[in-house]
$ cat query10.csv   # CSV, N, CA and C atoms
chain,number,residue,atom,x,y,z
A,1,GLN,N,33.9,50.9,179.0
A,1,GLN,CA,34.9,50.0,179.6
A,1,GLN,C,36.3,50.6,179.6
A,2,VAL,N,37.0,50.3,180.7
A,2,VAL,CA,38.3,50.9,180.9
A,2,VAL,C,39.3,49.7,180.9
A,3,GLN,N,40.4,49.9,180.1
A,3,GLN,CA,41.5,48.9,180.1
A,3,GLN,C,42.7,49.5,180.9
A,4,LEU,N,43.3,48.6,181.7
A,4,LEU,CA,44.5,49.0,182.4
A,4,LEU,C,45.6,48.1,182.0
A,5,VAL,N,46.7,48.8,181.6
A,5,VAL,CA,47.9,48.1,181.2
A,5,VAL,C,49.1,48.4,182.1
A,6,GLU,N,49.6,47.4,182.8
A,6,GLU,CA,50.7,47.6,183.7
A,6,GLU,C,52.0,47.3,183.0
A,7,SER,N,53.1,47.9,183.5
A,7,SER,CA,54.4,47.6,183.0
A,7,SER,C,55.4,47.9,184.1
A,8,GLY,N,56.6,47.3,184.0
A,8,GLY,CA,57.7,47.7,184.9
A,8,GLY,C,58.1,46.6,185.9
A,9,GLY,N,57.4,45.5,185.9
A,9,GLY,CA,57.8,44.4,186.8
A,9,GLY,C,59.0,43.7,186.3
A,10,GLY,N,59.5,42.7,187.1
A,10,GLY,CA,60.7,42.0,186.7
A,10,GLY,C,61.4,41.4,187.9
A,11,LEU,N,62.6,41.0,187.7
A,11,LEU,CA,63.4,40.4,188.7
A,11,LEU,C,64.4,41.4,189.3
A,12,VAL,N,64.5,41.6,190.6
A,12,VAL,CA,65.4,42.5,191.2
A,12,VAL,C,66.0,41.9,192.4
A,13,GLN,N,67.2,42.3,192.7
A,13,GLN,CA,67.9,41.8,193.9
A,13,GLN,C,67.4,42.5,195.2
A,14,PRO,N,67.5,41.9,196.3
A,14,PRO,CA,67.1,42.5,197.5
A,14,PRO,C,67.9,43.8,197.7
A,15,GLY,N,67.1,44.9,198.1
A,15,GLY,CA,67.7,46.2,198.3
A,15,GLY,C,67.6,47.0,197.0
A,16,GLY,N,67.1,46.4,195.9
A,16,GLY,CA,67.0,47.2,194.7
A,16,GLY,C,65.7,47.9,194.6
A,17,SER,N,65.5,48.5,193.4
A,17,SER,CA,64.3,49.4,193.2
A,17,SER,C,63.6,49.0,191.9
A,18,LEU,N,62.3,49.3,191.8
A,18,LEU,CA,61.5,49.1,190.6
A,18,LEU,C,60.5,50.2,190.5
A,19,ARG,N,60.1,50.5,189.3
A,19,ARG,CA,59.0,51.5,189.1
A,19,ARG,C,58.0,50.8,188.2
A,20,LEU,N,56.8,50.7,188.8
A,20,LEU,CA,55.7,50.1,188.0
A,20,LEU,C,54.8,51.3,187.5
A,21,SER,N,54.3,51.0,186.3
A,21,SER,CA,53.4,52.0,185.6
A,21,SER,C,52.1,51.3,185.2
A,22,CYS,N,51.0,52.1,185.2
A,22,CYS,CA,49.7,51.5,184.8
A,22,CYS,C,49.0,52.7,184.1
A,23,ALA,N,48.7,52.4,182.9
A,23,ALA,CA,47.9,53.4,182.0
A,23,ALA,C,46.5,52.9,181.8
A,24,ALA,N,45.6,53.8,182.0
A,24,ALA,CA,44.2,53.5,181.7
A,24,ALA,C,43.8,54.1,180.3
A,25,SER,N,43.0,53.3,179.6
A,25,SER,CA,42.5,53.7,178.3
A,25,SER,C,41.1,53.2,178.1
A,26,GLY,N,40.4,53.7,177.1
A,26,GLY,CA,39.1,53.2,176.8
A,26,GLY,C,38.1,54.3,177.1
A,27,ILE,N,36.9,53.9,177.5
A,27,ILE,CA,35.8,54.9,177.8
A,27,ILE,C,36.0,55.3,179.3
A,28,ILE,N,36.6,56.4,179.5
A,28,ILE,CA,36.9,56.9,180.8
A,28,ILE,C,36.0,58.1,181.1
A,29,PHE,N,35.2,58.0,182.2
A,29,PHE,CA,34.4,59.2,182.6
A,29,PHE,C,35.2,60.0,183.6
A,30,SER,N,35.5,59.5,184.7
A,30,SER,CA,36.2,60.2,185.7
A,30,SER,C,36.8,59.2,186.7
A,31,ILE,N,38.1,59.0,186.6
A,31,ILE,CA,38.7,58.0,187.6
A,31,ILE,C,39.1,58.7,188.9
A,32,SER,N,38.5,58.3,190.0
A,32,SER,CA,38.7,59.0,191.2
A,32,SER,C,39.9,58.4,191.9
A,33,VAL,N,40.0,57.1,192.0
A,33,VAL,CA,41.1,56.4,192.8
A,33,VAL,C,41.8,55.4,191.9
A,34,MET,N,43.1,55.5,191.9
A,34,MET,CA,44.0,54.5,191.2
A,34,MET,C,44.9,54.0,192.2
A,35,GLY,N,45.4,52.7,192.0
A,35,GLY,CA,46.3,52.2,193.0
A,35,GLY,C,46.8,50.8,192.6
A,36,TRP,N,47.5,50.3,193.6
A,36,TRP,CA,48.2,49.0,193.4
A,36,TRP,C,47.9,48.0,194.5
A,37,TYR,N,47.6,46.8,194.1
A,37,TYR,CA,47.4,45.7,195.0
A,37,TYR,C,48.4,44.6,194.6
A,38,ARG,N,48.6,43.7,195.5
A,38,ARG,CA,49.5,42.6,195.2
A,38,ARG,C,49.0,41.3,195.8
A,39,GLN,N,49.4,40.2,195.1
A,39,GLN,CA,49.0,38.9,195.6
A,39,GLN,C,50.2,37.9,195.5
A,40,ALA,N,50.7,37.4,196.6
A,40,ALA,CA,51.7,36.5,196.7
A,40,ALA,C,51.1,35.0,196.6
A,41,PRO,N,51.9,34.1,196.2
A,41,PRO,CA,51.4,32.7,196.1
A,41,PRO,C,50.8,32.2,197.5
A,42,GLY,N,49.6,31.7,197.4
A,42,GLY,CA,49.0,31.2,198.6
A,42,GLY,C,48.4,32.3,199.6
A,43,LYS,N,48.4,33.5,199.1
A,43,LYS,CA,48.0,34.6,200.0
A,43,LYS,C,46.8,35.4,199.3
A,44,GLU,N,46.1,36.1,200.2
A,44,GLU,CA,45.0,36.9,199.6
A,44,GLU,C,45.6,38.2,198.9
A,45,ARG,N,44.9,38.7,198.0
A,45,ARG,CA,45.3,40.0,197.4
A,45,ARG,C,45.2,41.1,198.5
A,46,GLU,N,46.2,42.0,198.5
A,46,GLU,CA,46.2,43.0,199.5
A,46,GLU,C,46.6,44.4,198.9
A,47,LEU,N,46.1,45.4,199.6
A,47,LEU,CA,46.4,46.8,199.1
A,47,LEU,C,47.9,47.1,199.3
A,48,VAL,N,48.5,47.7,198.3
A,48,VAL,CA,49.9,48.2,198.5
A,48,VAL,C,49.8,49.7,198.7
A,49,ALA,N,49.2,50.4,197.7
A,49,ALA,CA,49.2,51.9,197.8
A,49,ALA,C,48.1,52.4,196.8
A,50,VAL,N,47.4,53.4,197.2
A,50,VAL,CA,46.4,54.0,196.4
A,50,VAL,C,46.5,55.5,196.4
A,51,ILE,N,46.0,56.2,195.4
A,51,ILE,CA,46.0,57.7,195.4
A,51,ILE,C,44.8,58.2,194.7
A,52,THR,N,44.2,59.2,195.3
A,52,THR,CA,43.0,59.9,194.7
A,52,THR,C,43.4,60.9,193.6
A,53,SER,N,42.4,61.3,192.9
A,53,SER,CA,42.7,62.3,191.9
A,53,SER,C,43.2,63.6,192.5
A,54,GLY,N,43.0,63.8,193.7
A,54,GLY,CA,43.5,65.0,194.4
A,54,GLY,C,44.8,64.8,195.1
A,55,GLY,N,45.4,63.6,194.9
A,55,GLY,CA,46.7,63.4,195.4
A,55,GLY,C,46.8,62.8,196.9
A,56,ILE,N,45.7,62.5,197.4
A,56,ILE,CA,45.7,61.8,198.8
A,56,ILE,C,46.1,60.4,198.6
A,57,THR,N,47.1,60.0,199.4
A,57,THR,CA,47.6,58.6,199.3
A,57,THR,C,47.4,57.8,200.6
A,58,ASN,N,47.4,56.5,200.4
A,58,ASN,CA,47.3,55.5,201.5
A,58,ASN,C,48.2,54.4,201.2
A,59,TYR,N,49.0,54.0,202.2
A,59,TYR,CA,50.0,52.9,201.9
A,59,TYR,C,49.8,51.8,203.0
A,60,ALA,N,50.1,50.6,202.5
A,60,ALA,CA,50.1,49.5,203.5
A,60,ALA,C,51.3,49.7,204.4
A,61,ASP,N,51.2,49.3,205.6
A,61,ASP,CA,52.3,49.5,206.6
A,61,ASP,C,53.6,48.8,206.1
A,62,SER,N,53.4,47.7,205.4
A,62,SER,CA,54.6,46.9,205.0
A,62,SER,C,55.4,47.6,203.9
A,63,VAL,N,54.9,48.6,203.2
A,63,VAL,CA,55.7,49.3,202.2
A,63,VAL,C,55.9,50.8,202.5
A,64,LYS,N,55.3,51.2,203.6
A,64,LYS,CA,55.4,52.7,204.0
A,64,LYS,C,56.8,53.0,204.2
A,65,GLY,N,57.2,54.1,203.6
A,65,GLY,CA,58.6,54.6,203.8
A,65,GLY,C,59.5,54.0,202.7
A,66,ARG,N,59.1,53.0,202.0
A,66,ARG,CA,59.9,52.4,201.0
A,66,ARG,C,59.3,52.6,199.6
A,67,SER,N,58.0,53.0,199.5
A,67,SER,CA,57.4,53.1,198.3
A,67,SER,C,56.7,54.5,198.1
A,68,THR,N,56.5,54.9,196.9
A,68,THR,CA,55.8,56.2,196.6
A,68,THR,C,54.9,55.9,195.4
A,69,VAL,N,53.6,56.2,195.7
A,69,VAL,CA,52.6,56.2,194.6
A,69,VAL,C,52.4,57.6,194.1
A,70,SER,N,52.2,57.7,192.8
A,70,SER,CA,52.0,59.0,192.1
A,70,SER,C,51.1,58.8,190.9
A,71,ARG,N,50.6,59.8,190.4
A,71,ARG,CA,49.7,59.7,189.2
A,71,ARG,C,49.8,60.9,188.3
A,72,ASP,N,49.5,60.7,187.0
A,72,ASP,CA,49.4,61.8,186.1
A,72,ASP,C,47.9,61.8,185.6
A,73,ASN,N,47.2,62.7,186.1
A,73,ASN,CA,45.7,62.7,185.9
A,73,ASN,C,45.4,62.9,184.4
A,74,ALA,N,46.3,63.7,183.7
A,74,ALA,CA,46.1,64.0,182.3
A,74,ALA,C,46.3,62.8,181.5
A,75,LYS,N,47.1,61.9,181.9
A,75,LYS,CA,47.4,60.7,181.2
A,75,LYS,C,46.7,59.5,181.8
A,76,ASN,N,45.9,59.7,182.8
A,76,ASN,CA,45.3,58.5,183.5
A,76,ASN,C,46.2,57.4,183.8
A,77,THR,N,47.4,57.8,184.3
A,77,THR,CA,48.4,56.8,184.6
A,77,THR,C,48.8,56.9,186.1
A,78,VAL,N,49.1,55.8,186.7
A,78,VAL,CA,49.5,55.7,188.1
A,78,VAL,C,50.9,55.0,188.1
A,79,TYR,N,51.7,55.4,189.0
A,79,TYR,CA,53.1,54.8,189.1
A,79,TYR,C,53.3,54.4,190.6
A,80,LEU,N,54.1,53.4,190.7
A,80,LEU,CA,54.6,52.9,192.0
A,80,LEU,C,56.1,52.8,192.0
A,81,GLN,N,56.7,53.6,192.7
A,81,GLN,CA,58.2,53.5,192.9
A,81,GLN,C,58.5,52.7,194.2
A,82,MET,N,59.1,51.6,194.0
A,82,MET,CA,59.4,50.8,195.2
A,82,MET,C,61.0,50.7,195.4
A,83,ASN,N,61.4,51.0,196.6
A,83,ASN,CA,62.8,51.0,196.9
A,83,ASN,C,63.1,50.0,198.1
A,84,SER,N,64.3,49.7,198.3
A,84,SER,CA,64.7,48.8,199.3
A,84,SER,C,63.9,47.5,199.3
A,85,LEU,N,63.7,46.9,198.2
A,85,LEU,CA,62.9,45.8,198.0
A,85,LEU,C,63.4,44.6,198.8
A,86,LYS,N,62.4,43.8,199.3
A,86,LYS,CA,62.7,42.6,200.1
A,86,LYS,C,62.1,41.4,199.4
A,87,PRO,N,62.6,40.2,199.8
A,87,PRO,CA,62.0,39.0,199.2
A,87,PRO,C,60.5,38.9,199.4
A,88,GLU,N,60.1,39.4,200.5
A,88,GLU,CA,58.6,39.3,200.8
A,88,GLU,C,57.8,40.3,200.0
A,89,ASP,N,58.4,41.1,199.2
A,89,ASP,CA,57.7,41.9,198.3
A,89,ASP,C,57.3,41.2,197.0
A,90,THR,N,57.9,40.0,196.8
A,90,THR,CA,57.6,39.2,195.7
A,90,THR,C,56.1,38.8,195.6
A,91,ALA,N,55.5,39.2,194.4
A,91,ALA,CA,54.1,39.0,194.2
A,91,ALA,C,53.7,39.4,192.8
A,92,VAL,N,52.5,39.1,192.4
A,92,VAL,CA,52.0,39.7,191.2
A,92,VAL,C,51.3,41.0,191.7
A,93,TYR,N,51.7,42.1,191.0
A,93,TYR,CA,51.1,43.4,191.3
A,93,TYR,C,50.1,43.8,190.3
A,94,TYR,N,48.9,44.2,190.9
A,94,TYR,CA,47.7,44.5,190.1
A,94,TYR,C,47.4,46.0,190.2
A,95,CYS,N,47.1,46.6,189.1
A,95,CYS,CA,46.6,48.0,189.1
A,95,CYS,C,45.1,48.0,189.2
A,96,LYS,N,44.6,48.9,189.9
A,96,LYS,CA,43.1,49.1,190.0
A,96,LYS,C,42.7,50.5,189.8
A,97,ALA,N,41.6,50.7,189.1
A,97,ALA,CA,41.1,52.1,189.0
A,97,ALA,C,39.6,52.1,189.3
A,98,HIS,N,39.2,53.1,189.9
A,98,HIS,CA,37.7,53.3,190.2
A,98,HIS,C,37.2,54.5,189.4
A,99,ASP,N,36.3,54.2,188.4
A,99,ASP,CA,35.7,55.2,187.6
A,99,ASP,C,34.4,55.6,188.3
A,100,ARG,N,34.1,56.9,188.5
A,100,ARG,CA,33.0,57.3,189.3
A,100,ARG,C,31.7,56.8,188.6
A,101,GLN,N,31.6,56.6,187.3
A,101,GLN,CA,30.4,56.3,186.7
A,101,GLN,C,30.3,54.8,186.3
A,102,SER,N,31.5,54.2,186.0
A,102,SER,CA,31.4,52.8,185.5
A,102,SER,C,32.0,51.7,186.4
A,103,GLY,N,32.5,52.2,187.6
A,103,GLY,CA,32.9,51.2,188.5
A,103,GLY,C,34.4,50.9,188.6
A,104,ASP,N,34.7,49.6,189.1
A,104,ASP,CA,36.1,49.2,189.3
A,104,ASP,C,36.7,48.4,188.1
A,105,TYR,N,37.9,48.6,187.9
A,105,TYR,CA,38.6,47.9,186.8
A,105,TYR,C,40.0,47.4,187.4
A,106,TRP,N,40.4,46.3,186.9
A,106,TRP,CA,41.7,45.7,187.3
A,106,TRP,C,42.6,45.5,186.0
A,107,GLY,N,43.9,45.6,186.2
A,107,GLY,CA,44.8,45.2,185.2
A,107,GLY,C,45.1,43.7,185.2
A,108,GLN,N,45.9,43.3,184.3
A,108,GLN,CA,46.2,41.8,184.2
A,108,GLN,C,47.3,41.4,185.2
A,109,GLY,N,48.0,42.3,185.8
A,109,GLY,CA,49.0,42.0,186.7
A,109,GLY,C,50.4,41.9,186.1
A,110,THR,N,51.4,42.3,186.9
A,110,THR,CA,52.8,42.2,186.5
A,110,THR,C,53.6,41.6,187.6
A,111,GLN,N,54.4,40.6,187.3
A,111,GLN,CA,55.2,39.9,188.3
A,111,GLN,C,56.4,40.7,188.8
A,112,VAL,N,56.5,40.8,190.1
A,112,VAL,CA,57.7,41.3,190.7
A,112,VAL,C,58.4,40.2,191.6
A,113,THR,N,59.6,39.9,191.3
A,113,THR,CA,60.3,38.9,192.0
A,113,THR,C,61.6,39.5,192.6
A,114,VAL,N,61.7,39.4,193.9
A,114,VAL,CA,62.9,39.9,194.6
A,114,VAL,C,63.7,38.8,195.1
A,115,SER,N,64.9,38.6,194.5
A,115,SER,CA,65.7,37.4,194.8
A,115,SER,C,67.1,37.7,194.4
A,116,SER,N,68.0,37.1,195.1
A,116,SER,CA,69.4,37.1,194.7
A,116,SER,C,69.8,35.9,193.9
$ encode --input "query10.csv" --output "structure tokens"
Amino acid sequence: QVQLVESGGGLVQPGGSLRLSCAASGIIFSISVMGWYRQAPGKERELVAVITSGGITNYADSVKGRSTVSRDNAKNTVYLQMNSLKPEDTAVYYCKAHDRQSGDYWGQGTQVTVSS
């Protein structure tokens, strides 16, 4: 079993920045992909950004150019730097990890609220 613990959410004004972190622990074989998804009230969960162990990234169009996903493979930790935040970025942000042997895992979520 893999546990994912997110941190870094909170309240930020429009135009501000936040950095989310997600650390994986437990029985880890080999995590190939880590990333971030978000779910706003009344909406489906959607991809924000993901990164492979080799550093290949993929971003949602809505955050491209404003966000950077990165990871520390040695620490099994993934980060999401979000800049120029907009009210529509308000959501619960979930970390996800795919372990090649044991499957997919989700974090408990961290709230990001963008409001003046």
$ atom_distance --input "query10.csv" --atom1 "atom N of Pro41 (chain A)" --atom2 "atom N of Gln3 (chain A)"
25.3 Å
$ residues_near_point --input "query10.csv" --point "(50.7, 51.9, 185.0)" --cutoff "8 Å" --atoms "all atoms listed in the file" --output "number ranges by chain"
A: 4-8, 20-24, 76-80, 95
$ residues_around --input "query10.csv" --residues "region 61-71 of chain A" --least-positions-apart "6" --cutoff "8 Å" --atoms "all atoms listed in the file" --output "list in words"
Met34, Gly35, Trp36, Leu47, Val48, Ala49, Val50, Ile51, Thr52, Ser53, Gly55, Thr77, Val78, Tyr79, Leu80, Gln81, Met82, Asn83, Ser84 and Leu85 of chain A
$ residues_near_point --input "query10.csv" --point "(47.9, 38.3, 188.7)" --cutoff "8 Å" --atoms "all atoms listed in the file" --output "list of chain:residue names"
A:Arg38, A:Gln39, A:Ala91, A:Val92, A:Tyr93, A:Tyr94, A:Gly107, A:Gln108, A:Gly109, A:Thr110, A:Gln111
$ axis_aligned_box --input "query10.csv" --around "region 51-55 of chain A" --padding-each-side "5 Å" --output "AutoDock Vina command-line options"
--center_x 44.6 --center_y 60.6 --center_z 194.4 --size_x 14.4 --size_y 18.8 --size_z 15.0
$ atom_distance --input "query10.csv" --atom1 "atom C of His98 (chain A)" --atom2 "CA of Val2 (chain A)"
9.3 Å
$ select_by_dssp --input "query10.csv" --residues "chain A" --states "helix (DSSP H, G or I)" --output "list of chain:residue names"
A:Asn73, A:Ala74, A:Lys75, A:Pro87, A:Glu88, A:Asp89
$ write_last_selection --input "query10.csv" --atoms "N, CA and C atoms" --output "PDB file, in the frame of the given file"
ATOM      1  N   ASN A  73      47.200  62.700 186.100  1.00  0.00           N
ATOM      2  CA  ASN A  73      45.700  62.700 185.900  1.00  0.00           C
ATOM      3  C   ASN A  73      45.400  62.900 184.400  1.00  0.00           C
ATOM      4  N   ALA A  74      46.300  63.700 183.700  1.00  0.00           N
ATOM      5  CA  ALA A  74      46.100  64.000 182.300  1.00  0.00           C
ATOM      6  C   ALA A  74      46.300  62.800 181.500  1.00  0.00           C
ATOM      7  N   LYS A  75      47.100  61.900 181.900  1.00  0.00           N
ATOM      8  CA  LYS A  75      47.400  60.700 181.200  1.00  0.00           C
ATOM      9  C   LYS A  75      46.700  59.500 181.800  1.00  0.00           C
ATOM     10  N   PRO A  87      62.600  40.200 199.800  1.00  0.00           N
ATOM     11  CA  PRO A  87      62.000  39.000 199.200  1.00  0.00           C
ATOM     12  C   PRO A  87      60.500  38.900 199.400  1.00  0.00           C
ATOM     13  N   GLU A  88      60.100  39.400 200.500  1.00  0.00           N
ATOM     14  CA  GLU A  88      58.600  39.300 200.800  1.00  0.00           C
ATOM     15  C   GLU A  88      57.800  40.300 200.000  1.00  0.00           C
ATOM     16  N   ASP A  89      58.400  41.100 199.200  1.00  0.00           N
ATOM     17  CA  ASP A  89      57.700  41.900 198.300  1.00  0.00           C
ATOM     18  C   ASP A  89      57.300  41.200 197.000  1.00  0.00           C
TER      19      ASP A  89
END
$ atom_distance --input "query10.csv" --atom1 "atom N of Gly26 (chain A)" --atom2 "atom N of Ala74 (chain A)"
13.4 Å
$ residues_around --input "query10.csv" --residues "Asp104 (chain A)" --least-positions-apart "4" --cutoff "10 Å" --atoms "only C-alpha atoms" --output "number ranges by chain"
A: 1-2, 31, 33-34, 96-100
$ closest_residue --input "query10.csv" --among "A:Ser115, A:Ser32, A:Ser17, A:Ser25" --to "Ile56 (chain A)" --atoms "only C-alpha atoms"
A:Ser32
$ decode --input "query10.csv" --residues "region 13-32 of chain A" --atoms "N, CA, C and O atoms" --output "CSV table (one decimal), in the first residue's frame"
chain,number,residue,atom,x,y,z
A,13,GLN,N,-5.2,35.2,-3.2
A,13,GLN,CA,-5.9,36.2,-4.0
A,13,GLN,C,-5.6,35.9,-5.5
A,13,GLN,O,-4.6,35.3,-5.9
A,14,PRO,N,-6.5,36.4,-6.3
A,14,PRO,CA,-6.3,36.2,-7.8
A,14,PRO,C,-5.0,36.9,-8.2
A,14,PRO,O,-4.6,37.9,-7.7
A,15,GLY,N,-4.3,36.1,-9.0
A,15,GLY,CA,-3.0,36.6,-9.4
A,15,GLY,C,-1.8,36.1,-8.6
A,15,GLY,O,-0.7,36.2,-8.9
A,16,GLY,N,-2.2,35.4,-7.5
A,16,GLY,CA,-1.2,34.9,-6.5
A,16,GLY,C,-0.7,33.6,-7.0
A,16,GLY,O,-1.0,33.0,-8.0
A,17,SER,N,0.2,33.0,-6.1
A,17,SER,CA,0.8,31.7,-6.4
A,17,SER,C,0.7,30.8,-5.2
A,17,SER,O,0.5,31.2,-4.0
A,18,LEU,N,0.8,29.5,-5.5
A,18,LEU,CA,0.8,28.4,-4.5
A,18,LEU,C,1.7,27.3,-5.0
A,18,LEU,O,1.8,27.1,-6.2
A,19,ARG,N,2.2,26.6,-4.0
A,19,ARG,CA,3.0,25.4,-4.3
A,19,ARG,C,2.5,24.2,-3.5
A,19,ARG,O,2.5,24.3,-2.3
A,20,LEU,N,2.0,23.2,-4.3
A,20,LEU,CA,1.5,22.0,-3.6
A,20,LEU,C,2.6,21.0,-3.6
A,20,LEU,O,3.4,20.9,-4.6
A,21,SER,N,2.6,20.2,-2.6
A,21,SER,CA,3.5,19.1,-2.5
A,21,SER,C,2.7,17.8,-2.1
A,21,SER,O,1.7,17.8,-1.5
A,22,CYS,N,3.3,16.7,-2.6
A,22,CYS,CA,2.6,15.4,-2.3
A,22,CYS,C,3.8,14.4,-2.1
A,22,CYS,O,4.5,14.1,-3.1
A,23,ALA,N,3.8,13.8,-1.0
A,23,ALA,CA,4.8,12.8,-0.7
A,23,ALA,C,4.2,11.4,-0.6
A,23,ALA,O,3.2,11.2,0.1
A,24,ALA,N,4.8,10.5,-1.2
A,24,ALA,CA,4.4,9.1,-1.2
A,24,ALA,C,5.2,8.3,-0.2
A,24,ALA,O,6.4,8.5,-0.1
A,25,SER,N,4.6,7.4,0.6
A,25,SER,CA,5.2,6.6,1.5
A,25,SER,C,4.6,5.2,1.6
A,25,SER,O,3.5,5.0,1.0
A,26,GLY,N,5.2,4.3,2.3
A,26,GLY,CA,4.6,3.0,2.4
A,26,GLY,C,5.4,2.0,1.6
A,26,GLY,O,6.6,2.1,1.4
A,27,ILE,N,4.7,1.0,1.1
A,27,ILE,CA,5.3,-0.1,0.3
A,27,ILE,C,5.3,0.4,-1.1
A,27,ILE,O,4.3,0.3,-1.8
A,28,ILE,N,6.4,0.9,-1.6
A,28,ILE,CA,6.6,1.5,-2.9
A,28,ILE,C,7.5,0.6,-3.7
A,28,ILE,O,8.6,0.3,-3.3
A,29,PHE,N,7.0,0.1,-4.9
A,29,PHE,CA,7.8,-0.7,-5.7
A,29,PHE,C,8.5,0.2,-6.8
A,29,PHE,O,9.7,0.3,-6.8
A,30,SER,N,7.7,0.8,-7.6
A,30,SER,CA,8.3,1.7,-8.6
A,30,SER,C,7.1,2.6,-9.1
A,30,SER,O,6.3,2.2,-9.8
A,31,ILE,N,7.2,3.9,-8.7
A,31,ILE,CA,6.1,4.8,-9.1
A,31,ILE,C,6.5,5.4,-10.5
A,31,ILE,O,7.5,6.1,-10.6
A,32,SER,N,5.7,5.1,-11.5
A,32,SER,CA,6.0,5.6,-12.8
A,32,SER,C,5.5,7.0,-13.0
A,32,SER,O,6.2,7.9,-13.5
